[in-house]
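Engineer: What follows is final-v5.tsv, made up of TSV, C-alpha atoms and all ligand atoms:
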```
chain	number	residue	atom	x	y	z
A	1	MET	CA	0.00	0.00	0.00
A	2	PRO	CA	1.28	3.51	-0.75
A	3	ARG	CA	1.63	5.62	2.35
A	4	PHE	CA	2.44	9.22	3.18
A	5	VAL	CA	5.39	10.19	5.34
A	6	LYS	CA	6.21	13.61	6.73
A	7	VAL	CA	9.26	15.16	5.05
A	8	ALA	CA	9.25	18.79	6.20
A	9	GLU	CA	7.47	21.58	7.96
A	10	LYS	CA	5.92	24.09	5.57
A	11	LYS	CA	7.96	26.87	7.18
A	12	ASP	CA	11.18	25.05	6.21
A	13	LEU	CA	10.41	25.34	2.50
A	14	ILE	CA	11.15	28.70	0.97
A	15	GLU	CA	10.26	29.81	-2.52
A	16	GLY	CA	13.37	30.03	-4.66
A	17	TYR	CA	15.26	27.30	-2.80
A	18	GLY	CA	15.10	23.54	-2.87
A	19	LYS	CA	15.54	21.37	0.18
A	20	VAL	CA	17.03	17.90	0.14
A	21	VAL	CA	15.72	15.24	2.50
A	22	THR	CA	16.44	11.55	2.79
A	23	VAL	CA	13.44	9.30	3.24
A	24	GLU	CA	14.01	5.60	3.66
A	25	GLY	CA	17.22	5.73	1.67
A	26	ARG	CA	15.83	7.91	-1.10
A	27	SER	CA	17.23	11.38	-1.69
A	28	ILE	CA	14.32	13.69	-2.42
A	29	ALA	CA	14.27	17.32	-3.52
A	30	LEU	CA	11.45	19.44	-2.11
A	31	PHE	CA	10.29	22.71	-3.61
A	32	ARG	CA	7.76	25.39	-2.87
A	33	VAL	CA	6.06	27.42	-5.60
A	34	LYS	CA	3.83	30.06	-4.03
A	35	ASP	CA	1.82	27.97	-1.57
A	36	GLU	CA	2.18	24.66	-3.30
A	37	TYR	CA	4.74	22.00	-2.51
A	38	PHE	CA	6.45	19.55	-4.84
A	39	ALA	CA	8.80	16.60	-4.48
A	40	LEU	CA	11.15	15.14	-7.07
A	41	ALA	CA	13.86	12.52	-6.97
A	42	ASN	CA	17.04	14.44	-6.16
A	43	VAL	CA	18.69	13.04	-9.27
A	44	CYS	CA	19.16	14.98	-12.49
A	45	LEU	CA	18.42	13.05	-15.69
A	46	HIS	CA	21.73	14.11	-17.17
A	47	ARG	CA	24.42	12.81	-14.81
A	48	GLY	CA	22.59	12.54	-11.52
A	49	GLY	CA	23.22	16.03	-10.15
A	50	PRO	CA	21.44	17.09	-6.95
A	51	LEU	CA	18.43	19.03	-8.19
A	52	GLY	CA	17.49	20.09	-4.68
A	53	GLU	CA	20.68	22.15	-4.55
A	54	GLY	CA	19.90	23.99	-7.78
A	55	VAL	CA	18.76	27.56	-8.25
A	56	VAL	CA	14.97	27.85	-8.43
A	57	ASN	CA	13.31	30.49	-10.56
A	58	GLY	CA	9.54	30.41	-10.37
A	59	ALA	CA	8.72	26.76	-11.00
A	60	VAL	CA	11.99	25.93	-12.76
A	61	VAL	CA	15.04	24.45	-11.06
A	62	THR	CA	18.43	24.57	-12.73
A	63	CYS	CA	20.70	21.61	-12.03
A	64	PRO	CA	23.81	22.86	-10.23
A	65	TRP	CA	26.13	20.60	-12.24
A	66	HIS	CA	25.57	21.49	-15.91
A	67	GLY	CA	22.48	23.65	-16.03
A	68	TRP	CA	19.68	21.41	-17.26
A	69	LYS	CA	16.34	22.91	-16.26
A	70	PHE	CA	13.29	21.08	-14.91
A	71	ASP	CA	9.76	22.10	-14.00
A	72	VAL	CA	9.52	21.26	-10.29
A	73	ARG	CA	5.73	20.83	-10.59
A	74	THR	CA	6.00	17.90	-13.00
A	75	GLY	CA	9.66	16.89	-13.13
A	76	SER	CA	9.70	17.64	-16.87
A	77	PHE	CA	12.95	18.53	-18.57
A	78	THR	CA	12.23	21.93	-20.14
A	79	VAL	CA	13.83	21.04	-23.49
A	80	ILE	CA	12.09	17.68	-23.90
A	81	PRO	CA	9.05	17.73	-21.58
A	82	THR	CA	8.31	14.04	-22.02
A	83	LEU	CA	11.57	13.31	-20.18
A	84	LYS	CA	10.73	13.50	-16.50
A	85	VAL	CA	12.49	13.18	-13.21
A	86	PRO	CA	10.39	10.90	-11.01
A	87	SER	CA	8.03	12.91	-8.83
A	88	TYR	CA	6.23	12.12	-5.61
A	89	LYS	CA	2.66	12.95	-4.66
A	90	VAL	CA	2.56	15.61	-1.98
A	91	LYS	CA	-0.08	16.29	0.60
A	92	GLU	CA	-0.31	18.93	3.27
A	93	GLU	CA	-1.44	18.21	6.78
A	94	ASP	CA	-1.61	21.14	9.16
A	95	ASP	CA	1.94	22.57	9.09
A	96	SER	CA	3.49	19.47	7.59
A	97	VAL	CA	4.41	18.45	4.09
A	98	MET	CA	4.04	14.74	3.39
A	99	ILE	CA	5.03	12.69	0.37
A	100	GLU	CA	3.66	9.41	-0.86
A	101	ILE	CA	6.05	6.48	-0.77
A	102	PRO	CA	4.89	4.15	-3.50
A	103	SER	CA	4.22	0.56	-2.68
A	104	GLY	CA	6.91	-1.79	-3.91
A	105	ASP	CA	10.47	-0.83	-3.37
A	106	LYS	CA	12.08	0.44	-6.57
A	107	ILE	CA	15.53	0.40	-5.01
A	108	ALA	CA	15.26	-3.23	-3.97
A	109	SER	CA	13.75	-4.30	-7.27
A	110	SER	CA	16.44	-2.53	-9.28
A	111	LEU	CA	19.13	-4.25	-7.20
A	112	SER	CA	17.63	-7.67	-7.65
A	113	GLY	CA	16.72	-7.17	-11.29
B	201	LIG	S1	23.91	16.40	-13.98
B	201	LIG	FE1	22.32	17.84	-14.12
B	201	LIG	S2	22.81	19.00	-15.85
B	201	LIG	FE2	24.38	17.50	-15.75
```
Spit out the file's structure as structure tokens when you get a sec.
Ligand code: FES
Structural biologist:
Amino acid sequence: MPRFVKVAEKKDLIEGYGKVVTVEGRSIALFRVKDEYFALANVCLHRGGPLGEGVVNGAVVTCPWHGWKFDVRTGSFTVIPTLKVPSYKVKEEDDSVMIEIPSGDKIASSLSG
């Protein structure tokens, strides 16, 4: 079953900056755009750069390594929008930001497969 886990307090997420958290071994980049919150895998599609450490302009984060840009709302690469960084469903509960951990462990299945 998918389940939601708390990853941050709303006050910890500031527009214009990403925040990197580790949840159950996954590195996740959190972003705030106005009063909405988004979560992407903290792994750039190019060479795996840490997207959560990139500069954020509006809803676009620029990878700190070589400058690829992604829409934080969808994970889409701005040049080829069908290429997407995996994203997580986000829900707000009181002052907390939660993300959905999908059922099935992708890390384990990629190791065994
Ligand atoms: S690793 Fe992100 S642009 Fe190269």
Engineer: Between A:Leu51, A:Leu13, A:Leu30, A:Ala41, single out the one closest to Val90 (chain A), counting all atoms listed in the file.
Structural biologist: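 Nearest candidate to Val90 (chain A) out of A:Leu51, A:Leu13, A:Leu30, A:Ala41: A:Leu30.
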Engineer: Kindly compile the residues surrounding ligand LIG 201 (chain B) within 10 Å, counting only C-alpha atoms and all ligand atoms, and format them as a list in words.
Structural biologist: Val43, Cys44, Leu45, His46, Arg47, Gly48, Gly49, Pro50, Leu51, Gly54, Thr62, Cys63, Pro64, Trp65, His66, Gly67, Trp68, Lys69 and Phe70 of chain A
Engineer: Would you mind exporting C-alpha atoms of the selected residues as a PDB file, keeping the file's coordinate frame?
Structural biologist:
```
ATOM      1  CA  VAL A  43      18.690  13.040  -9.270  1.00  0.00           C
ATOM      2  CA  CYS A  44      19.160  14.980 -12.490  1.00  0.00           C
ATOM      3  CA  LEU A  45      18.420  13.050 -15.690  1.00  0.00           C
ATOM      4  CA  HIS A  46      21.730  14.110 -17.170  1.00  0.00           C
ATOM      5  CA  ARG A  47      24.420  12.810 -14.810  1.00  0.00           C
ATOM      6  CA  GLY A  48      22.590  12.540 -11.520  1.00  0.00           C
ATOM      7  CA  GLY A  49      23.220  16.030 -10.150  1.00  0.00           C
ATOM      8  CA  PRO A  50      21.440  17.090  -6.950  1.00  0.00           C
ATOM      9  CA  LEU A  51      18.430  19.030  -8.190  1.00  0.00           C
ATOM     10  CA  GLY A  54      19.900  23.990  -7.780  1.00  0.00           C
ATOM     11  CA  THR A  62      18.430  24.570 -12.730  1.00  0.00           C
ATOM     12  CA  CYS A  63      20.700  21.610 -12.030  1.00  0.00           C
ATOM     13  CA  PRO A  64      23.810  22.860 -10.230  1.00  0.00           C
ATOM     14  CA  TRP A  65      26.130  20.600 -12.240  1.00  0.00           C
ATOM     15  CA  HIS A  66      25.570  21.490 -15.910  1.00  0.00           C
ATOM     16  CA  GLY A  67      22.480  23.650 -16.030  1.00  0.00           C
ATOM     17  CA  TRP A  68      19.680  21.410 -17.260  1.00  0.00           C
ATOM     18  CA  LYS A  69      16.340  22.910 -16.260  1.00  0.00           C
ATOM     19  CA  PHE A  70      13.290  21.080 -14.910  1.00  0.00           C
TER      20      PHE A  70
END
```
Engineer: Using all atoms listed in the file, pick whichever of A:Ala39, A:Met1, A:Val23, A:Val7 has the shortest atom-to-atom distance to Val85 (chain A).
Structural biologist: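 Of A:Ala39, A:Met1, A:Val23, A:Val7, the one nearest Val85 (chain A), counting all atoms listed in the file, is A:Ala39.
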Engineer: Under the rule that only C-alpha atoms are counted, which of A:Arg3, A:Arg73, A:Lys10, A:Lys34 is the nearest residue to Glu93 (chain A)?
Structural biologist: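 Checking each of A:Arg3, A:Arg73, A:Lys10, A:Lys34 against Glu93 (chain A), counting only C-alpha atoms, the winner is A:Lys10.
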Engineer: Rounded to one decimal, what separation in Å do you get between CA of Ala29 (chain A) and CA of Tyr88 (chain A)?
Structural biologist: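 According to the coordinates, CA of Ala29 (chain A) and CA of Tyr88 (chain A) are separated by 9.8 Å.
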Engineer: Pick out the residues sitting within 6 Å of Ile99 (chain A), and hand them over as a ChimeraX atom specification; count only C-alpha atoms, and ignore anything fewer than 2 positions along from it in its own chain.
Structural biologist: /A:4-5,89-90
Engineer: What's around Asp12 (chain A) at 12 Å? Count only C-alpha atoms, leave out sequence neighbours fewer than 6 positions away in its own chain, and write the answer as a ChimeraX atom specification.
Structural biologist: /A:18-21,30-32,37,95-97
Engineer: Keeping only C-alpha atoms, write the selected residues to a file as an mmCIF file, in the coordinates of the input.
Structural biologist:
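Heads up, here's the output in part_13.cif:
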```cif
data_model
loop_
_atom_site.group_PDB
_atom_site.id
_atom_site.type_symbol
_atom_site.label_atom_id
_atom_site.label_comp_id
_atom_site.auth_asym_id
_atom_site.auth_seq_id
_atom_site.Cartn_x
_atom_site.Cartn_y
_atom_site.Cartn_z
ATOM 1 C CA GLY A 18 15.100 23.540 -2.870
ATOM 2 C CA LYS A 19 15.540 21.370 0.180
ATOM 3 C CA VAL A 20 17.030 17.900 0.140
ATOM 4 C CA VAL A 21 15.720 15.240 2.500
ATOM 5 C CA LEU A 30 11.450 19.440 -2.110
ATOM 6 C CA PHE A 31 10.290 22.710 -3.610
ATOM 7 C CA ARG A 32 7.760 25.390 -2.870
ATOM 8 C CA TYR A 37 4.740 22.000 -2.510
ATOM 9 C CA ASP A 95 1.940 22.570 9.090
ATOM 10 C CA SER A 96 3.490 19.470 7.590
ATOM 11 C CA VAL A 97 4.410 18.450 4.090
#
```
Engineer: As an exercise, work out the distance from CA of Lys6 (chain A) to CA of Met98 (chain A) in Å and give it to one decimal place.
Structural biologist: 4.1 Å
Engineer: Would you place a box with edges along x, y and z of the file around all atoms of region 39-56 of chain A listed there, add 5 Å to each of its six sides, and report the centre and edge lengths in Å to one decimal, as JSON?
Structural biologist:
```
{"center_x": 16.6, "center_y": 20.2, "center_z": -10.8, "size_x": 25.6, "size_y": 25.3, "size_z": 22.7}
```
Engineer: Give me, please, the distance in Å between CA of Tyr17 (chain A) and CA of Ser103 (chain A), quoted to one decimal.
Structural biologist: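 A separation of 28.9 Å between them.
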Engineer: Using all atoms listed in the file, which of A:Pro102, A:Val72, A:Phe38, A:Ile28 sits nearest Val56 (chain A)?
Structural biologist: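 Closest candidate: A:Val72.
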Engineer: Pick from A:Pro86, A:Thr74, A:Ile80, A:Gly16: nearest to Glu53 (chain A), with only C-alpha atoms counted?
Structural biologist: A:Gly16
Engineer: Rebuild region 30-60 of chain A to N, CA and C atoms - output it as a tab-separated table (two decimals), in the coordinates of the input, please.
Structural biologist:
```tsv
chain	number	residue	atom	x	y	z
A	30	LEU	N	12.74	18.80	-2.38
A	30	LEU	CA	11.45	19.44	-2.11
A	30	LEU	C	11.50	20.88	-2.59
A	31	PHE	N	10.37	21.34	-3.10
A	31	PHE	CA	10.29	22.71	-3.61
A	31	PHE	C	8.96	23.33	-3.21
A	32	ARG	N	8.99	24.64	-3.12
A	32	ARG	CA	7.76	25.39	-2.87
A	32	ARG	C	7.59	26.38	-4.01
A	33	VAL	N	6.40	26.42	-4.59
A	33	VAL	CA	6.06	27.42	-5.60
A	33	VAL	C	4.78	28.09	-5.11
A	34	LYS	N	4.89	29.35	-4.73
A	34	LYS	CA	3.83	30.06	-4.03
A	34	LYS	C	3.43	29.21	-2.82
A	35	ASP	N	2.19	28.78	-2.73
A	35	ASP	CA	1.82	27.97	-1.57
A	35	ASP	C	1.59	26.52	-1.92
A	36	GLU	N	2.27	26.08	-2.95
A	36	GLU	CA	2.18	24.66	-3.30
A	36	GLU	C	3.55	24.02	-3.12
A	37	TYR	N	3.51	22.74	-2.82
A	37	TYR	CA	4.74	22.00	-2.51
A	37	TYR	C	4.91	20.84	-3.48
A	38	PHE	N	6.17	20.58	-3.84
A	38	PHE	CA	6.45	19.55	-4.84
A	38	PHE	C	7.67	18.75	-4.40
A	39	ALA	N	7.69	17.50	-4.84
A	39	ALA	CA	8.80	16.60	-4.48
A	39	ALA	C	9.24	15.82	-5.71
A	40	LEU	N	10.55	15.88	-5.95
A	40	LEU	CA	11.15	15.14	-7.07
A	40	LEU	C	12.29	14.28	-6.53
A	41	ALA	N	12.62	13.23	-7.28
A	41	ALA	CA	13.86	12.52	-6.97
A	41	ALA	C	15.00	13.53	-7.10
A	42	ASN	N	15.93	13.46	-6.17
A	42	ASN	CA	17.04	14.44	-6.16
A	42	ASN	C	18.14	13.98	-7.10
A	43	VAL	N	17.76	13.65	-8.32
A	43	VAL	CA	18.69	13.04	-9.27
A	43	VAL	C	18.41	13.60	-10.67
A	44	CYS	N	19.33	14.41	-11.14
A	44	CYS	CA	19.16	14.98	-12.49
A	44	CYS	C	19.23	13.88	-13.55
A	45	LEU	N	18.44	14.06	-14.62
A	45	LEU	CA	18.42	13.05	-15.69
A	45	LEU	C	19.72	13.01	-16.47
A	46	HIS	N	20.50	14.06	-16.40
A	46	HIS	CA	21.73	14.11	-17.17
A	46	HIS	C	22.79	13.21	-16.56
A	47	ARG	N	23.36	13.62	-15.44
A	47	ARG	CA	24.42	12.81	-14.81
A	47	ARG	C	24.16	12.62	-13.32
A	48	GLY	N	22.92	12.82	-12.91
A	48	GLY	CA	22.59	12.54	-11.52
A	48	GLY	C	22.85	13.66	-10.54
A	49	GLY	N	22.98	14.88	-11.04
A	49	GLY	CA	23.22	16.03	-10.15
A	49	GLY	C	22.09	16.22	-9.15
A	50	PRO	N	22.42	16.89	-8.03
A	50	PRO	CA	21.44	17.09	-6.95
A	50	PRO	C	20.51	18.27	-7.22
A	51	LEU	N	19.36	17.96	-7.78
A	51	LEU	CA	18.43	19.03	-8.19
A	51	LEU	C	18.00	19.91	-7.02
A	52	GLY	N	17.92	19.32	-5.85
A	52	GLY	CA	17.49	20.09	-4.68
A	52	GLY	C	18.47	21.17	-4.27
A	53	GLU	N	19.67	21.13	-4.85
A	53	GLU	CA	20.68	22.15	-4.55
A	53	GLU	C	20.77	23.19	-5.67
A	54	GLY	N	19.87	23.07	-6.66
A	54	GLY	CA	19.90	23.99	-7.78
A	54	GLY	C	19.20	25.31	-7.48
A	55	VAL	N	19.43	26.27	-8.35
A	55	VAL	CA	18.76	27.56	-8.25
A	55	VAL	C	17.33	27.40	-8.76
A	56	VAL	N	16.37	27.96	-8.03
A	56	VAL	CA	14.97	27.85	-8.43
A	56	VAL	C	14.47	29.22	-8.86
A	57	ASN	N	13.86	29.24	-10.05
A	57	ASN	CA	13.31	30.49	-10.56
A	57	ASN	C	11.86	30.22	-10.92
A	58	GLY	N	10.94	30.76	-10.15
A	58	GLY	CA	9.54	30.41	-10.37
A	58	GLY	C	9.36	28.93	-10.12
A	59	ALA	N	8.92	28.20	-11.15
A	59	ALA	CA	8.72	26.76	-11.00
A	59	ALA	C	9.82	25.96	-11.67
A	60	VAL	N	10.93	26.62	-12.02
A	60	VAL	CA	11.99	25.93	-12.76
A	60	VAL	C	13.26	25.85	-11.91
```
